[in-house]
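Down below is the structure, laid out as structure tokens.
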Amino acid sequence: MASSATRVLVINCGSSSLKFSVLPLQENTPVFSGLAERLGQPEASMTFVEAQGEKTTLVLDEPSHRCALSLLFSQLTRLNMLGSLCAIGHRVAHGGSEFTHSVLLTPETVDKIRRVSPLAPLHNPANLIGIEAALALLPELPQVAVFDTAFHQTMPPEAYTYAIPLEFQQRYQIRRYGFHGTSHRYIAAEAVAYLQLDPAHHGILIAHLGNGSSVCAVKNGRSVDTSMGMTPLEGLVMGTRCGDLDLGAAAWLAKCTGQSIESLCHLANTQCGLLGLSGLSSDCRTLQAACEKGVPRARLAIEVMVHRLARHLGGHLAALDRLDALIFTGGIGENSVLVRELTVRRLAVFGLRLDEQKNLAIRGGQSGVISAPGSPVIAVIPTNEEKMIAEDAAAIAGGRQATLLPANHF
Ligand code: AMP
């Protein structure tokens with residue numbers, strides 16, 4: 001590897017999109033980033049954003065992931081950036097029970113990812129398209145897969161086992177895996193560094209609240225429980241996902257509406273959550289504005305979300321033997337003064353209390369402690385999954401094992 005190679009290309013391939021960023025090691029913001037959208041449709045295009053914020057949108061010759069990657073690599077060549085890359089890090093949704101850490105992509109590891117892909121039929125096949133196209137176009141560069149599930153592989157059996165006949169866990173891999181692991185791992189490490197916690201003895205609750213949301217209980221650097229399950233549908237009320245739902249209610253709904261399981265699952269992922277409750281929007285900002293105007297369904301949507309969140313935070317406390325900090329992150333966690341206030345108010349029984357002024361002051365990507373004196377620490381820490389992926393990719397490309405809990409190097 002050339003010594004001048006000090007940047008990582010981070011790729012996140014969705015079924016019809018491809019997001020990328022070029023991150024210099026030791027820095028938090030990309031020098032080049034962008035997004036290809038509507039892949040698979042005639043109007044596919046790709047937007048590139050340079051370090052100074054200059055934006056260019058180009059039409060793709062062919063609406064494929066491979067074409068988007070070729071265009072990206074030709075842009076990287078034009079900007080003299082290709083030679084500065086030491087690795088590519090690919091975000092992969094599901095690693096099943098197979099992957100407990102990020103791994104170097106080899107024909108064997110690609111094969112293993114393919115084998116666990118039925119567990120995430122909407123996400124992993126798209127991730128694999130990006131991986132295979134990037135490996136074909138840049139075979140010399142080390143490429144690494146970073147899994148959303150890997151951090152939660154430390155959960156004990158009682159946290160990951162569904163109470164269904166146990167044979168199904170073995171036969172069909174039906175168990176809880178958890179997601180947002182890259183974000184939870186990043187935040188856990190950041191919290192230890194920022195709040196000067198003992199790396200070997202701490203208990204942290206993390207509320208990652210965005211379009212997708214999950215809670216994680218971290219004990220001494222390891223995930224011990226999380227709210228998402230076998231798929232990212234379980235747990236909290238999200239933008240368009242219902243989170244926890246009585247299977248009996250789902251079966252009754254299917255019967256009443258004559259829907260198949262597949263179409264019910266689609267509904268639960270795309271038409272529920274804040275959107276379904278409010279009938280207005282999946283976006284928390286829009287709902288907050290509607291709340292201020294007195295729209296009852298917007299208020300109810302936020303209250304159902306917050307009630308469920310507080311319930312999960314309280315439940316996740318049971319997985320810890322101490323509470324050093326509650327951390328809010330993600331688009332809502334980092335910005336919504338209201339959601340933080342309503343949530344913490346419901347957790348007063350645990351001694352958690354906010355400092356109103358500090359809560360008001362922290363938003364827009366800032367870190368800060370927002371708890372009142374005497375309360376366990378409550379803090380806001382912005383997440384940076386790209387940074388975590390870049391760190392892992394560089395470590396593995398450099399022959400080092402990516403650590404479960406990185407040292408204080410952020
Ligand atoms: P993410 O998926 O992490 O990008 O988060 C997206 C969510 O964050 C959306 O529901 C946004 O409405 C929400 N969000 C972003 N900024 C704010 C804000 N200032 N106040 C409330 N919610 C916000």
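Ligands are numbered from 1 in the order shown, residues from 1 within each chain, and chains are lettered A, B, ... in the order they appear in the structure tokens.
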Selection near range 84-93 of chain A, 9 Å with only C-alpha atoms, sequence-local residues under 4 positions removed, as number ranges by chain:
A: 1-13, 22, 24, 80, 113, 120, 123-124, 127-128, 130-131, 134, 141-149, 179-180, 386, 389-394, 396-398
Hey, which residues come within 10 Å of ligand 1 if we count only C-alpha atoms and all ligand atoms? Could you give them as an MDAnalysis selection string?
chainID A and resid 208:213 238:240 274 281:289 329:340 363:365 382:383
Give the helix (DSSP H, G or I) residues of range 46-172 of chain A, as DSSP finds them on the backbone, and put them as a PyMOL selection string.
chain A and resi 65-78+82-84+107-119+124-137+150-154+157-160+167-172
Could you pull out all residues of range 33-190 of chain A with a DSSP call of strand (DSSP E or B) and give them as a ChimeraX atom specification?
/A:33-37,45-50,55-59,85-92,103-104,143-147
I'd like the interatomic distance between CA of Val218 in chain A and CA of Leu205 in chain A, to a tenth of an Å.
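Separation of CA of Val218 in chain A and CA of Leu205 in chain A: 6.3 Å.
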Rank nothing, just name the residue among A:Ala163, A:Cys265, A:Met388, A:Leu280 nearest to Leu122 in chain A, using only C-alpha atoms.
A:Cys265
Can you check which parts of range 238-279 of chain A lie within 12 Å of range 303-321 of chain A? Per residue, the shortest pair of atoms and distance in Å to one decimal, counting only C-alpha atoms, sorted by chain and number, as a Markdown table.
| residue | atom | partner | partner_atom | distance |
| --- | --- | --- | --- | --- |
| A:Met238 | CA | A:Met305 | CA | 7.4 |
| A:Gly239 | CA | A:Met305 | CA | 9.5 |
| A:Thr240 | CA | A:Met305 | CA | 11.5 |
| A:Arg241 | CA | A:Met305 | CA | 10.9 |
| A:Cys242 | CA | A:Met305 | CA | 9.6 |
| A:Gly243 | CA | A:Arg308 | CA | 9.0 |
| A:Asp244 | CA | A:Arg308 | CA | 8.9 |
| A:Leu245 | CA | A:Arg308 | CA | 11.4 |
| A:Cys272 | CA | A:Met305 | CA | 11.6 |
| A:Gly273 | CA | A:Met305 | CA | 8.0 |
| A:Leu274 | CA | A:Met305 | CA | 7.5 |
| A:Leu275 | CA | A:Met305 | CA | 11.3 |
| A:Gly276 | CA | A:Val304 | CA | 11.6 |
| A:Leu277 | CA | A:Val304 | CA | 8.6 |
| A:Ser278 | CA | A:Val304 | CA | 10.5 |
Restricting it to N, CA and C atoms, dump the selection as a short mmCIF file (atom, residue, chain, number, x, y, z; two decimals), in the first residue's frame.
data_model
loop_
_atom_site.label_atom_id
_atom_site.label_comp_id
_atom_site.auth_asym_id
_atom_site.auth_seq_id
_atom_site.Cartn_x
_atom_site.Cartn_y
_atom_site.Cartn_z
N MET A 238 -41.14 3.81 14.11
CA MET A 238 -40.19 4.50 13.22
C MET A 238 -40.94 5.33 12.20
N GLY A 239 -40.21 5.88 11.24
CA GLY A 239 -40.84 6.75 10.24
C GLY A 239 -42.02 6.07 9.55
N THR A 240 -41.74 4.88 8.98
CA THR A 240 -42.82 4.16 8.28
C THR A 240 -43.00 2.73 8.80
N ARG A 241 -42.22 2.35 9.81
CA ARG A 241 -42.30 0.97 10.35
C ARG A 241 -43.05 0.98 11.69
N CYS A 242 -43.87 -0.06 11.90
CA CYS A 242 -44.71 -0.08 13.11
C CYS A 242 -43.95 -0.49 14.35
N GLY A 243 -42.78 -1.15 14.20
CA GLY A 243 -42.12 -1.68 15.39
C GLY A 243 -42.93 -2.82 15.96
N ASP A 244 -42.84 -3.03 17.29
CA ASP A 244 -43.55 -4.16 17.93
C ASP A 244 -45.03 -4.16 17.57
N LEU A 245 -45.53 -5.32 17.17
CA LEU A 245 -46.95 -5.45 16.83
C LEU A 245 -47.37 -6.87 17.21
N CYS A 272 -46.68 2.34 8.00
CA CYS A 272 -47.05 2.41 9.42
C CYS A 272 -46.22 3.47 10.14
N GLY A 273 -45.91 3.23 11.40
CA GLY A 273 -45.08 4.16 12.17
C GLY A 273 -45.68 5.56 12.19
N LEU A 274 -44.82 6.56 12.19
CA LEU A 274 -45.27 7.96 12.26
C LEU A 274 -46.20 8.29 11.10
N LEU A 275 -45.89 7.73 9.92
CA LEU A 275 -46.72 8.02 8.74
C LEU A 275 -48.13 7.48 8.91
N GLY A 276 -48.23 6.23 9.31
CA GLY A 276 -49.55 5.61 9.45
C GLY A 276 -50.36 6.25 10.57
N LEU A 277 -49.69 6.57 11.67
CA LEU A 277 -50.38 7.18 12.81
C LEU A 277 -50.88 8.58 12.48
N SER A 278 -50.02 9.38 11.84
CA SER A 278 -50.37 10.79 11.61
C SER A 278 -51.22 10.96 10.36
#
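Counting only C-alpha atoms, the residue from A:Ser183, A:Gln271, A:Thr100, A:Ser214 that sits nearest to Glu385 in chain A is A:Ser183.
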Using only C-alpha atoms, which residue out of A:Gly235, A:Arg322, A:Gly279, A:Ile174 lies closest to Lys219 in chain A?
A:Arg322
Option closest in space to Leu82 in chain A, from A:Glu132, A:Glu234, A:Glu140, A:Glu262 [counting only C-alpha atoms]
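So, comparing all the options, the nearest one is A:Glu140.
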Report the distance between CA of Cys291 in chain A and CA of Val344 in chain A in Å, rounded to one decimal place.
18.9 Å
Using only C-alpha atoms, the shortest atom-to-atom distance to Leu197 in chain A among A:Val377, A:Thr343, A:Gly34, A:Gly40 belongs to A:Val377
For CA of Gln259 in chain A and CA of Ala298 in chain A, quote the distance in Å rounded to one decimal.
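A separation of 27.2 Å between them.
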Counting only C-alpha atoms, the residue among A:His94, A:Arg185, A:His266, A:Arg353 that lies closest to Ser117 in chain A is A:His94
Leu39 in chain A: which residues within 12 Å, counting only C-alpha atoms, same-chain residues fewer than 5 positions away excluded, as a compact mmCIF listing (two decimals) with N, CA and C atoms, in the first residue's frame?
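Final file, selection-v1.txt:
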# COMPACT_ATOMS: atom_id res chain seq x y z
N CYS A 13 -24.80 0.42 -0.71
CA CYS A 13 -25.65 0.12 -1.87
C CYS A 13 -27.04 -0.29 -1.44
N GLY A 14 -28.05 0.43 -1.86
CA GLY A 14 -29.44 0.02 -1.64
C GLY A 14 -29.96 -0.61 -2.92
N SER A 15 -31.23 -1.07 -2.90
CA SER A 15 -31.73 -1.77 -4.09
C SER A 15 -31.79 -0.84 -5.30
N SER A 16 -32.09 0.45 -5.08
CA SER A 16 -32.14 1.36 -6.23
C SER A 16 -31.26 2.58 -6.03
N SER A 17 -30.33 2.49 -5.10
CA SER A 17 -29.46 3.65 -4.83
C SER A 17 -28.05 3.20 -4.49
N LEU A 18 -27.13 4.14 -4.58
CA LEU A 18 -25.75 3.87 -4.16
C LEU A 18 -25.22 5.16 -3.54
N LYS A 19 -24.91 5.09 -2.26
CA LYS A 19 -24.37 6.26 -1.56
C LYS A 19 -22.88 6.03 -1.37
N ALA A 44 -32.27 7.25 -14.07
CA ALA A 44 -31.23 7.16 -13.05
C ALA A 44 -30.18 8.26 -13.21
N SER A 45 -29.79 8.84 -12.09
CA SER A 45 -28.77 9.89 -12.15
C SER A 45 -27.86 9.76 -10.93
N MET A 46 -26.73 10.48 -11.01
CA MET A 46 -25.79 10.42 -9.89
C MET A 46 -25.32 11.82 -9.56
N VAL A 59 -26.26 12.18 -15.68
CA VAL A 59 -27.19 11.11 -16.05
C VAL A 59 -26.35 9.86 -16.30
N LEU A 60 -26.83 8.71 -15.85
CA LEU A 60 -26.08 7.47 -16.06
C LEU A 60 -26.39 6.90 -17.45
N ASP A 61 -25.34 6.39 -18.14
CA ASP A 61 -25.55 5.78 -19.47
C ASP A 61 -26.49 4.59 -19.35
N GLU A 62 -26.33 3.90 -18.24
CA GLU A 62 -27.13 2.68 -18.03
C GLU A 62 -27.51 2.71 -16.55
N PRO A 63 -28.79 2.43 -16.22
CA PRO A 63 -29.21 2.63 -14.82
C PRO A 63 -28.81 1.48 -13.89
N SER A 64 -27.51 1.14 -13.88
CA SER A 64 -27.09 -0.01 -13.07
C SER A 64 -26.09 0.41 -12.00
N HIS A 65 -25.97 -0.42 -10.96
CA HIS A 65 -24.98 -0.17 -9.91
C HIS A 65 -23.57 -0.16 -10.50
N ARG A 66 -23.33 -1.08 -11.43
CA ARG A 66 -22.00 -1.18 -12.02
C ARG A 66 -21.65 0.11 -12.76
N CYS A 67 -22.63 0.63 -13.51
CA CYS A 67 -22.39 1.87 -14.26
C CYS A 67 -22.15 3.04 -13.29
N ALA A 68 -22.92 3.06 -12.18
CA ALA A 68 -22.73 4.12 -11.18
C ALA A 68 -21.33 4.04 -10.59
N LEU A 69 -20.87 2.80 -10.32
CA LEU A 69 -19.52 2.65 -9.76
C LEU A 69 -18.45 3.05 -10.77
N ALA A 126 -28.70 -6.24 -2.69
CA ALA A 126 -28.25 -4.95 -3.22
C ALA A 126 -26.82 -4.68 -2.75
N ILE A 129 -24.46 -6.60 -4.92
CA ILE A 129 -24.26 -6.04 -6.27
C ILE A 129 -23.12 -5.02 -6.22
N GLY A 130 -23.15 -4.15 -5.21
CA GLY A 130 -22.11 -3.13 -5.07
C GLY A 130 -20.75 -3.76 -4.81
